[in-house]
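Student: One file: coords-v1.pdb (PDB, C-alpha atoms, pLDDT in the B column).
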```pdb
ATOM      1  CA  MET A  10     -40.208-123.750 -18.388  1.00 50.00           C
ATOM      2  CA  THR A  11     -39.328-120.549 -20.149  1.00 54.00           C
ATOM      3  CA  GLU A  12     -35.917-120.010 -21.570  1.00 51.00           C
ATOM      4  CA  ARG A  13     -34.041-117.017 -20.211  1.00 49.00           C
ATOM      5  CA  ARG A  14     -32.470-114.888 -22.859  1.00 49.00           C
ATOM      6  CA  ASN A  15     -29.443-112.743 -22.263  1.00 51.00           C
ATOM      7  CA  PRO A  16     -30.600-109.222 -23.281  1.00 50.00           C
ATOM      8  CA  ASP A  17     -27.040-108.175 -24.066  1.00 49.00           C
ATOM      9  CA  ARG A  18     -26.639-110.734 -26.861  1.00 51.00           C
ATOM     10  CA  GLY A  19     -29.879-109.922 -28.684  1.00 56.00           C
ATOM     11  CA  SER A  20     -29.670-106.174 -28.298  1.00 64.00           C
ATOM     12  CA  PHE A  21     -25.942-105.904 -28.901  1.00 66.00           C
ATOM     13  CA  PRO A  22     -24.707-108.330 -31.558  1.00 68.00           C
ATOM     14  CA  GLY A  23     -21.012-108.927 -31.078  1.00 73.00           C
ATOM     15  CA  GLY A  24     -21.167-107.557 -27.533  1.00 74.00           C
ATOM     16  CA  ILE A  25     -21.546-104.180 -25.920  1.00 75.00           C
ATOM     17  CA  ALA A  26     -18.022-102.987 -26.693  1.00 78.00           C
ATOM     18  CA  ALA A  27     -18.294-103.882 -30.404  1.00 80.00           C
ATOM     19  CA  THR A  28     -21.645-102.111 -30.680  1.00 80.00           C
ATOM     20  CA  ARG A  29     -20.249 -98.982 -29.018  1.00 82.00           C
ATOM     21  CA  ARG A  30     -17.312 -98.992 -31.446  1.00 85.00           C
ATOM     22  CA  SER A  31     -19.615 -99.358 -34.444  1.00 84.00           C
ATOM     23  CA  VAL A  32     -21.868 -96.532 -33.238  1.00 87.00           C
ATOM     24  CA  ARG A  33     -18.822 -94.301 -32.755  1.00 88.00           C
ATOM     25  CA  ALA A  34     -17.340 -95.229 -36.149  1.00 88.00           C
ATOM     26  CA  LEU A  35     -20.528 -95.145 -38.237  1.00 90.00           C
ATOM     27  CA  GLY A  36     -22.610 -92.451 -36.538  1.00 91.00           C
ATOM     28  CA  GLY A  37     -21.810 -89.769 -39.124  1.00 93.00           C
ATOM     29  CA  LEU A  38     -22.368 -92.028 -42.113  1.00 95.00           C
ATOM     30  CA  THR A  39     -25.670 -93.151 -40.638  1.00 95.00           C
ATOM     31  CA  GLY A  40     -26.725 -89.506 -40.337  1.00 95.00           C
ATOM     32  CA  VAL A  41     -25.920 -88.982 -44.015  1.00 96.00           C
ATOM     33  CA  ALA A  42     -27.845 -92.161 -44.875  1.00 96.00           C
ATOM     34  CA  VAL A  43     -30.906 -90.843 -43.021  1.00 95.00           C
ATOM     35  CA  SER A  44     -30.746 -87.624 -45.048  1.00 95.00           C
ATOM     36  CA  LEU A  45     -30.431 -89.469 -48.341  1.00 96.00           C
ATOM     37  CA  SER A  46     -33.287 -91.796 -47.355  1.00 96.00           C
ATOM     38  CA  ILE A  47     -35.562 -88.802 -46.788  1.00 94.00           C
ATOM     39  CA  ALA A  48     -34.594 -87.437 -50.212  1.00 94.00           C
ATOM     40  CA  VAL A  49     -35.350 -90.773 -51.892  1.00 96.00           C
ATOM     41  CA  ALA A  50     -38.682 -91.001 -50.059  1.00 95.00           C
ATOM     42  CA  GLY A  51     -39.584 -87.547 -51.370  1.00 92.00           C
ATOM     43  CA  TRP A  52     -38.680 -88.538 -54.908  1.00 93.00           C
ATOM     44  CA  LEU A  53     -40.751 -91.727 -54.610  1.00 95.00           C
ATOM     45  CA  ALA A  54     -43.699 -89.674 -53.334  1.00 92.00           C
ATOM     46  CA  LYS A  55     -43.453 -87.420 -56.372  1.00 92.00           C
ATOM     47  CA  VAL A  56     -43.372 -90.412 -58.717  1.00 93.00           C
ATOM     48  CA  ALA A  57     -46.207 -92.224 -56.922  1.00 93.00           C
ATOM     49  CA  VAL A  58     -48.569 -89.296 -56.352  1.00 90.00           C
ATOM     50  CA  GLY A  59     -47.592 -86.888 -59.104  1.00 83.00           C
ATOM     51  CA  GLY A  60     -49.135 -83.498 -59.729  1.00 88.00           C
ATOM     52  CA  ALA A  61     -49.011 -80.566 -57.343  1.00 86.00           C
ATOM     53  CA  VAL A  62     -49.438 -82.699 -54.222  1.00 87.00           C
ATOM     54  CA  GLY A  63     -46.568 -85.000 -55.157  1.00 88.00           C
ATOM     55  CA  SER A  64     -44.354 -82.029 -55.959  1.00 88.00           C
ATOM     56  CA  ALA A  65     -45.176 -80.337 -52.643  1.00 86.00           C
ATOM     57  CA  VAL A  66     -44.423 -83.515 -50.680  1.00 88.00           C
ATOM     58  CA  SER A  67     -41.232 -84.023 -52.663  1.00 90.00           C
ATOM     59  CA  PHE A  68     -40.046 -80.463 -52.083  1.00 88.00           C
ATOM     60  CA  THR A  69     -40.812 -80.679 -48.355  1.00 88.00           C
ATOM     61  CA  ALA A  70     -38.850 -83.931 -48.115  1.00 91.00           C
ATOM     62  CA  LEU A  71     -35.923 -82.401 -50.014  1.00 91.00           C
ATOM     63  CA  VAL A  72     -35.853 -79.410 -47.691  1.00 90.00           C
ATOM     64  CA  ALA A  73     -35.918 -81.781 -44.696  1.00 91.00           C
ATOM     65  CA  ALA A  74     -33.133 -83.879 -46.246  1.00 93.00           C
ATOM     66  CA  PHE A  75     -31.005 -80.888 -47.241  1.00 93.00           C
ATOM     67  CA  PRO A  76     -31.800 -78.172 -44.672  1.00 92.00           C
ATOM     68  CA  LEU A  77     -29.275 -75.662 -46.025  1.00 91.00           C
ATOM     69  CA  MET A  78     -31.203 -75.290 -49.293  1.00 89.00           C
ATOM     70  CA  PRO A  79     -33.296 -72.357 -47.992  1.00 85.00           C
ATOM     71  CA  ILE A  80     -30.129 -70.604 -46.769  1.00 85.00           C
ATOM     72  CA  ALA A  81     -28.690 -70.932 -50.286  1.00 85.00           C
ATOM     73  CA  GLY A  82     -31.809 -69.259 -51.651  1.00 80.00           C
ATOM     74  CA  ILE A  83     -33.406 -72.328 -53.195  1.00 78.00           C
ATOM     75  CA  PRO A  84     -36.110 -72.304 -54.700  1.00 76.00           C
ATOM     76  CA  ALA A  85     -36.050 -68.536 -55.310  1.00 74.00           C
ATOM     77  CA  ALA A  86     -32.686 -68.847 -57.045  1.00 77.00           C
ATOM     78  CA  SER A  87     -31.396 -71.918 -58.798  1.00 80.00           C
ATOM     79  CA  GLY A  88     -28.307 -73.149 -60.543  1.00 84.00           C
ATOM     80  CA  THR A  89     -26.269 -76.309 -60.496  1.00 88.00           C
ATOM     81  CA  LEU A  90     -23.460 -74.866 -58.390  1.00 91.00           C
ATOM     82  CA  ARG A  91     -25.851 -73.399 -55.820  1.00 90.00           C
ATOM     83  CA  ILE A  92     -27.822 -76.645 -55.490  1.00 90.00           C
ATOM     84  CA  ALA A  93     -24.694 -78.810 -55.341  1.00 92.00           C
ATOM     85  CA  GLY A  94     -23.180 -76.552 -52.695  1.00 92.00           C
ATOM     86  CA  ALA A  95     -26.338 -76.678 -50.573  1.00 92.00           C
ATOM     87  CA  VAL A  96     -26.551 -80.473 -50.873  1.00 94.00           C
ATOM     88  CA  ILE A  97     -22.879 -81.026 -50.003  1.00 96.00           C
ATOM     89  CA  ALA A  98     -23.026 -78.586 -47.080  1.00 95.00           C
ATOM     90  CA  SER A  99     -26.238 -80.219 -45.809  1.00 95.00           C
ATOM     91  CA  LEU A 100     -24.685 -83.677 -45.973  1.00 96.00           C
ATOM     92  CA  ALA A 101     -21.712 -82.337 -44.023  1.00 97.00           C
ATOM     93  CA  VAL A 102     -24.099 -80.999 -41.374  1.00 96.00           C
ATOM     94  CA  TRP A 103     -25.820 -84.391 -41.133  1.00 96.00           C
ATOM     95  CA  TRP A 104     -22.439 -86.122 -40.813  1.00 97.00           C
ATOM     96  CA  VAL A 105     -21.389 -83.767 -38.007  1.00 96.00           C
ATOM     97  CA  LEU A 106     -24.736 -84.248 -36.258  1.00 95.00           C
ATOM     98  CA  GLY A 107     -24.431 -88.045 -36.538  1.00 95.00           C
ATOM     99  CA  GLN A 108     -20.907 -87.977 -35.114  1.00 95.00           C
ATOM    100  CA  MET A 109     -21.951 -85.621 -32.340  1.00 94.00           C
ATOM    101  CA  VAL A 110     -24.834 -87.909 -31.396  1.00 94.00           C
ATOM    102  CA  ALA A 111     -22.508 -90.920 -31.482  1.00 94.00           C
ATOM    103  CA  GLY A 112     -20.125 -89.141 -29.127  1.00 91.00           C
ATOM    104  CA  ARG A 113     -22.924 -88.232 -26.731  1.00 92.00           C
ATOM    105  CA  VAL A 114     -24.433 -91.709 -26.756  1.00 91.00           C
ATOM    106  CA  THR A 115     -21.177 -93.618 -26.323  1.00 89.00           C
ATOM    107  CA  ARG A 116     -20.346 -91.723 -23.144  1.00 89.00           C
ATOM    108  CA  ARG A 117     -22.857 -93.999 -21.422  1.00 84.00           C
ATOM    109  CA  ALA A 118     -21.867 -97.428 -20.189  1.00 79.00           C
ATOM    110  CA  VAL A 119     -24.340 -99.226 -22.457  1.00 80.00           C
ATOM    111  CA  ALA A 120     -24.892 -97.615 -25.841  1.00 82.00           C
ATOM    112  CA  GLY A 121     -26.278 -98.989 -29.083  1.00 86.00           C
ATOM    113  CA  TRP A 122     -28.103 -98.014 -32.232  1.00 87.00           C
ATOM    114  CA  GLN A 123     -31.423 -97.678 -30.453  1.00 89.00           C
ATOM    115  CA  GLU A 124     -29.983 -94.968 -28.201  1.00 90.00           C
ATOM    116  CA  TRP A 125     -28.302 -93.323 -31.203  1.00 92.00           C
ATOM    117  CA  THR A 126     -31.610 -93.257 -33.089  1.00 92.00           C
ATOM    118  CA  ARG A 127     -33.486 -91.749 -30.166  1.00 93.00           C
ATOM    119  CA  GLU A 128     -30.891 -88.996 -29.690  1.00 93.00           C
ATOM    120  CA  PHE A 129     -30.595 -88.373 -33.441  1.00 94.00           C
ATOM    121  CA  LEU A 130     -34.363 -87.902 -33.794  1.00 93.00           C
ATOM    122  CA  VAL A 131     -34.389 -85.350 -30.984  1.00 93.00           C
ATOM    123  CA  LEU A 132     -31.512 -83.292 -32.374  1.00 92.00           C
ATOM    124  CA  GLY A 133     -32.391 -83.830 -36.049  1.00 92.00           C
ATOM    125  CA  SER A 134     -35.961 -82.666 -35.540  1.00 91.00           C
ATOM    126  CA  GLY A 135     -34.598 -79.185 -34.853  1.00 90.00           C
ATOM    127  CA  LEU A 136     -32.950 -79.131 -38.263  1.00 88.00           C
ATOM    128  CA  TRP A 137     -36.034 -80.524 -39.976  1.00 87.00           C
ATOM    129  CA  LEU A 138     -38.474 -78.161 -38.310  1.00 88.00           C
ATOM    130  CA  GLY A 139     -36.189 -75.173 -38.805  1.00 87.00           C
ATOM    131  CA  ALA A 140     -35.689 -75.785 -42.512  1.00 85.00           C
ATOM    132  CA  VAL A 141     -39.345 -76.483 -43.272  1.00 82.00           C
ATOM    133  CA  GLY A 142     -40.397 -73.565 -41.068  1.00 85.00           C
ATOM    134  CA  ALA A 143     -38.050 -71.233 -42.956  1.00 82.00           C
ATOM    135  CA  VAL A 144     -39.601 -72.204 -46.284  1.00 80.00           C
ATOM    136  CA  LEU A 145     -43.139 -71.792 -44.895  1.00 82.00           C
ATOM    137  CA  LEU A 146     -42.232 -68.395 -43.451  1.00 84.00           C
ATOM    138  CA  ALA A 147     -40.729 -67.287 -46.769  1.00 79.00           C
ATOM    139  CA  ALA A 148     -43.826 -68.464 -48.640  1.00 78.00           C
ATOM    140  CA  LEU A 149     -46.042 -66.589 -46.192  1.00 86.00           C
ATOM    141  CA  ALA A 150     -43.946 -63.412 -46.560  1.00 84.00           C
ATOM    142  CA  LEU A 151     -44.099 -63.633 -50.348  1.00 79.00           C
ATOM    143  CA  GLY A 152     -47.865 -64.162 -50.279  1.00 79.00           C
ATOM    144  CA  ALA A 153     -47.772 -67.687 -51.651  1.00 71.00           C
ATOM    145  CA  LEU A 154     -49.719 -69.015 -48.647  1.00 68.00           C
TER     146      LEU A 154
END
```
Would you write the structure of this file as structure tokens?
Tutor:
Amino acid sequence: MTERRNPDRGSFPGGIAATRRSVRALGGLTGVAVSLSIAVAGWLAKVAVGGAVGSAVSFTALVAAFPLMPIAGIPAASGTLRIAGAVIASLAVWWVLGQMVAGRVTRRAVAGWQEWTREFLVLGSGLWLGAVGAVLLAALALGAL
């Protein structure tokens, strides 16, 4: 005889209402954590691979993690204040996106982190593709590609 498992308990630890509250409360911070994770992954790729390939992968990951860097003129212009401003503004964008996704997801009757992740990937991919596309377009215009 097979044991029947209540899908609500395994999928929603603490219950559906507690999971909805945690998604609503932590959606923005989770968006920031995703951005920082991409940045760390890029840094690890640079350390592991090294050379031009590692640097290219690292830069692409940093642009995906901090999509406002190209708007601030990075890498054409540098400077601590410019980079810090782009990073802080990008993290603010990720926080807003995470909170927006949390608000959209928690409108449904049953909402959890799986739904948040799915929605975040859809909306976040626009930021990622836009930022990386902007850098590729700039490189093409400058004749680097």
Student: To one decimal place in Å, what is the distance between atom CA of A:Ile83 and atom CA of A:Gly37?
Tutor: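 Value for the atom CA of A:Ile83-atom CA of A:Gly37 distance: 25.2 Å.
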Student: Name every residue that the PyMOL selection byres ((chain A and resi 55) around 12) selects in this structure, writing the answer as a list in words with chains first and numbers rising.
Tutor: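 Expected selection for the PyMOL selection byres ((chain A and resi 55) around 12) here is Ala48, Val49, Ala50, Gly51, Trp52, Leu53, Ala54, Val56, Ala57, Val58, Gly59, Gly60, Ala61, Val62, Gly63, Ser64, Ala65, Val66, Ser67, Phe68, Thr69, Ala70 and Leu71 of chain A.
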Student: For the interface of stretch 42-112 of chain A with stretch 144-152 of chain A (cut-off 10 Å, counting only C-alpha atoms), please tabulate each contacting residue of stretch 42-112 of chain A alongside its nearest pair of atoms and their separation in Å to one decimal, rows sorted by chain and increasing number, as CSV.
Tutor:
```
residue,atom,partner,partner_atom,distance
A:Thr69,CA,A:Val144,CA,8.8
A:Val72,CA,A:Val144,CA,8.2
A:Pro76,CA,A:Val144,CA,10.0
A:Met78,CA,A:Val144,CA,9.4
A:Pro79,CA,A:Val144,CA,6.5
A:Ile80,CA,A:Val144,CA,9.6
A:Gly82,CA,A:Val144,CA,9.9
A:Ile83,CA,A:Val144,CA,9.3
A:Pro84,CA,A:Val144,CA,9.1
A:Ala85,CA,A:Ala147,CA,9.8
```
Student: Please write as a VMD selection string the full residue list that the PyMOL selection byres ((chain A and resi 30) around 12) yields on this file.
Tutor: chain A and resid 21 to 29 31 to 36 111 to 112 114 to 116 119 to 122
Student: Go through A:Ala74, A:Leu90, A:Val110, A:Val131 and flag the residue nearest A:Val41, using all atoms listed in the file for the distances.
Tutor: A:Ala74
Student: What does the distance from atom CA of A:Ala98 to atom CA of A:Val43 come to in Å, to one decimal?
Tutor: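 Atom CA of A:Val43 lies 15.1 Å from atom CA of A:Ala98.
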Student: Distance atom CA of A:Arg113-atom CA of A:Ala143, one decimal place?
Tutor: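 Rounded to one decimal, the two atoms are 27.9 Å apart.
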Student: Kindly indicate which residue among A:Leu77, A:Ala153, A:Ala118, A:Ala86 lies nearest to A:Leu100, using all atoms listed in the file for the distances.
Tutor: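 Under the stated criterion, the closest residue is A:Leu77.
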Student: Using all atoms listed in the file for the distances, tell me which of A:Gly139, A:Phe129, A:Leu45, A:Thr39 is nearest to A:Ile97.
Tutor: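 The shortest atom-to-atom distance to A:Ile97 comes from A:Leu45.
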Student: Let me make sure I understand: among A:Ala42, A:Gly94, A:Ala101, A:Leu106, which one has the smallest atom-to-atom distance to A:Leu132 if we use only C-alpha atoms?
Tutor: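 When distances to A:Leu132 are compared using only C-alpha atoms, the smallest one comes from A:Leu106.
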Student: Each side padded by 8 Å, which centre and which edge lengths in Å (one decimal) define the axis-aligned box around the listed atoms of stretch 92-102 of chain A? Give them as AutoDock Vina command-line options.
Tutor:
```
--center_x -24.8 --center_y -80.1 --center_z -48.4 --size_x 22.1 --size_y 23.1 --size_z 30.1
```
Student: Rebuild stretch 53-84 of chain A so that it carries N, CA and C atoms, then output the result as a PDB file, in the frame of the given file.
Tutor:
```pdb
ATOM      1  N   LEU A  53     -39.758 -90.659 -54.398  1.00 95.00           N
ATOM      2  CA  LEU A  53     -40.751 -91.727 -54.610  1.00 95.00           C
ATOM      3  C   LEU A  53     -42.172 -91.195 -54.448  1.00 95.00           C
ATOM      4  N   ALA A  54     -42.372 -90.274 -53.507  1.00 92.00           N
ATOM      5  CA  ALA A  54     -43.699 -89.674 -53.334  1.00 92.00           C
ATOM      6  C   ALA A  54     -44.096 -88.890 -54.569  1.00 92.00           C
ATOM      7  N   LYS A  55     -43.149 -88.188 -55.161  1.00 92.00           N
ATOM      8  CA  LYS A  55     -43.453 -87.420 -56.372  1.00 92.00           C
ATOM      9  C   LYS A  55     -43.820 -88.355 -57.517  1.00 92.00           C
ATOM     10  N   VAL A  56     -43.089 -89.460 -57.648  1.00 93.00           N
ATOM     11  CA  VAL A  56     -43.372 -90.412 -58.717  1.00 93.00           C
ATOM     12  C   VAL A  56     -44.714 -91.097 -58.476  1.00 93.00           C
ATOM     13  N   ALA A  57     -44.983 -91.473 -57.232  1.00 93.00           N
ATOM     14  CA  ALA A  57     -46.207 -92.224 -56.922  1.00 93.00           C
ATOM     15  C   ALA A  57     -47.454 -91.354 -56.983  1.00 93.00           C
ATOM     16  N   VAL A  58     -47.384 -90.150 -56.436  1.00 90.00           N
ATOM     17  CA  VAL A  58     -48.569 -89.296 -56.352  1.00 90.00           C
ATOM     18  C   VAL A  58     -48.687 -88.400 -57.574  1.00 90.00           C
ATOM     19  N   GLY A  59     -47.575 -87.765 -57.949  1.00 83.00           N
ATOM     20  CA  GLY A  59     -47.592 -86.888 -59.104  1.00 83.00           C
ATOM     21  C   GLY A  59     -48.363 -85.604 -58.843  1.00 83.00           C
ATOM     22  N   GLY A  60     -48.383 -84.749 -59.815  1.00 88.00           N
ATOM     23  CA  GLY A  60     -49.135 -83.498 -59.729  1.00 88.00           C
ATOM     24  C   GLY A  60     -48.574 -82.548 -58.696  1.00 88.00           C
ATOM     25  N   ALA A  61     -49.424 -81.596 -58.295  1.00 86.00           N
ATOM     26  CA  ALA A  61     -49.011 -80.566 -57.343  1.00 86.00           C
ATOM     27  C   ALA A  61     -48.765 -81.136 -55.951  1.00 86.00           C
ATOM     28  N   VAL A  62     -49.590 -82.097 -55.551  1.00 87.00           N
ATOM     29  CA  VAL A  62     -49.438 -82.699 -54.222  1.00 87.00           C
ATOM     30  C   VAL A  62     -48.122 -83.466 -54.136  1.00 87.00           C
ATOM     31  N   GLY A  63     -47.822 -84.257 -55.141  1.00 88.00           N
ATOM     32  CA  GLY A  63     -46.568 -85.000 -55.157  1.00 88.00           C
ATOM     33  C   GLY A  63     -45.362 -84.086 -55.170  1.00 88.00           C
ATOM     34  N   SER A  64     -45.457 -82.991 -55.912  1.00 88.00           N
ATOM     35  CA  SER A  64     -44.354 -82.029 -55.959  1.00 88.00           C
ATOM     36  C   SER A  64     -44.174 -81.335 -54.618  1.00 88.00           C
ATOM     37  N   ALA A  65     -45.270 -80.987 -53.952  1.00 86.00           N
ATOM     38  CA  ALA A  65     -45.176 -80.337 -52.643  1.00 86.00           C
ATOM     39  C   ALA A  65     -44.559 -81.272 -51.604  1.00 86.00           C
ATOM     40  N   VAL A  66     -44.983 -82.530 -51.610  1.00 88.00           N
ATOM     41  CA  VAL A  66     -44.423 -83.515 -50.680  1.00 88.00           C
ATOM     42  C   VAL A  66     -42.945 -83.729 -50.982  1.00 88.00           C
ATOM     43  N   SER A  67     -42.614 -83.823 -52.260  1.00 90.00           N
ATOM     44  CA  SER A  67     -41.232 -84.023 -52.663  1.00 90.00           C
ATOM     45  C   SER A  67     -40.354 -82.849 -52.248  1.00 90.00           C
ATOM     46  N   PHE A  68     -40.827 -81.635 -52.462  1.00 88.00           N
ATOM     47  CA  PHE A  68     -40.046 -80.463 -52.083  1.00 88.00           C
ATOM     48  C   PHE A  68     -39.860 -80.391 -50.572  1.00 88.00           C
ATOM     49  N   THR A  69     -40.914 -80.692 -49.814  1.00 88.00           N
ATOM     50  CA  THR A  69     -40.812 -80.679 -48.355  1.00 88.00           C
ATOM     51  C   THR A  69     -39.801 -81.711 -47.876  1.00 88.00           C
ATOM     52  N   ALA A  70     -39.818 -82.891 -48.483  1.00 91.00           N
ATOM     53  CA  ALA A  70     -38.850 -83.931 -48.115  1.00 91.00           C
ATOM     54  C   ALA A  70     -37.429 -83.510 -48.479  1.00 91.00           C
ATOM     55  N   LEU A  71     -37.258 -82.865 -49.622  1.00 91.00           N
ATOM     56  CA  LEU A  71     -35.923 -82.401 -50.014  1.00 91.00           C
ATOM     57  C   LEU A  71     -35.401 -81.315 -49.078  1.00 91.00           C
ATOM     58  N   VAL A  72     -36.272 -80.436 -48.638  1.00 90.00           N
ATOM     59  CA  VAL A  72     -35.853 -79.410 -47.691  1.00 90.00           C
ATOM     60  C   VAL A  72     -35.500 -80.043 -46.346  1.00 90.00           C
ATOM     61  N   ALA A  73     -36.245 -81.073 -45.938  1.00 91.00           N
ATOM     62  CA  ALA A  73     -35.918 -81.781 -44.696  1.00 91.00           C
ATOM     63  C   ALA A  73     -34.605 -82.550 -44.850  1.00 91.00           C
ATOM     64  N   ALA A  74     -34.363 -83.112 -46.018  1.00 93.00           N
ATOM     65  CA  ALA A  74     -33.133 -83.879 -46.246  1.00 93.00           C
ATOM     66  C   ALA A  74     -31.919 -82.968 -46.388  1.00 93.00           C
ATOM     67  N   PHE A  75     -32.108 -81.830 -47.002  1.00 93.00           N
ATOM     68  CA  PHE A  75     -31.005 -80.888 -47.241  1.00 93.00           C
ATOM     69  C   PHE A  75     -31.391 -79.529 -46.655  1.00 93.00           C
ATOM     70  N   PRO A  76     -31.261 -79.364 -45.333  1.00 92.00           N
ATOM     71  CA  PRO A  76     -31.800 -78.172 -44.672  1.00 92.00           C
ATOM     72  C   PRO A  76     -31.086 -76.864 -45.007  1.00 92.00           C
ATOM     73  N   LEU A  77     -29.960 -76.906 -45.662  1.00 91.00           N
ATOM     74  CA  LEU A  77     -29.275 -75.662 -46.025  1.00 91.00           C
ATOM     75  C   LEU A  77     -29.741 -75.113 -47.376  1.00 91.00           C
ATOM     76  N   MET A  78     -30.672 -75.796 -48.025  1.00 89.00           N
ATOM     77  CA  MET A  78     -31.203 -75.290 -49.293  1.00 89.00           C
ATOM     78  C   MET A  78     -31.856 -73.918 -49.139  1.00 89.00           C
ATOM     79  N   PRO A  79     -32.704 -73.696 -48.120  1.00 85.00           N
ATOM     80  CA  PRO A  79     -33.296 -72.357 -47.992  1.00 85.00           C
ATOM     81  C   PRO A  79     -32.253 -71.265 -47.735  1.00 85.00           C
ATOM     82  N   ILE A  80     -31.182 -71.597 -47.021  1.00 85.00           N
ATOM     83  CA  ILE A  80     -30.129 -70.604 -46.769  1.00 85.00           C
ATOM     84  C   ILE A  80     -29.432 -70.224 -48.077  1.00 85.00           C
ATOM     85  N   ALA A  81     -29.320 -71.187 -48.984  1.00 85.00           N
ATOM     86  CA  ALA A  81     -28.690 -70.932 -50.286  1.00 85.00           C
ATOM     87  C   ALA A  81     -29.640 -70.220 -51.246  1.00 85.00           C
ATOM     88  N   GLY A  82     -30.871 -69.993 -50.816  1.00 80.00           N
ATOM     89  CA  GLY A  82     -31.809 -69.259 -51.651  1.00 80.00           C
ATOM     90  C   GLY A  82     -32.658 -70.123 -52.556  1.00 80.00           C
ATOM     91  N   ILE A  83     -32.618 -71.419 -52.364  1.00 78.00           N
ATOM     92  CA  ILE A  83     -33.406 -72.328 -53.195  1.00 78.00           C
ATOM     93  C   ILE A  83     -34.798 -72.404 -52.583  1.00 78.00           C
ATOM     94  N   PRO A  84     -35.869 -72.241 -53.275  1.00 76.00           N
ATOM     95  CA  PRO A  84     -36.110 -72.304 -54.700  1.00 76.00           C
ATOM     96  C   PRO A  84     -36.144 -70.954 -55.401  1.00 76.00           C
TER      97      PRO A  84
END
```
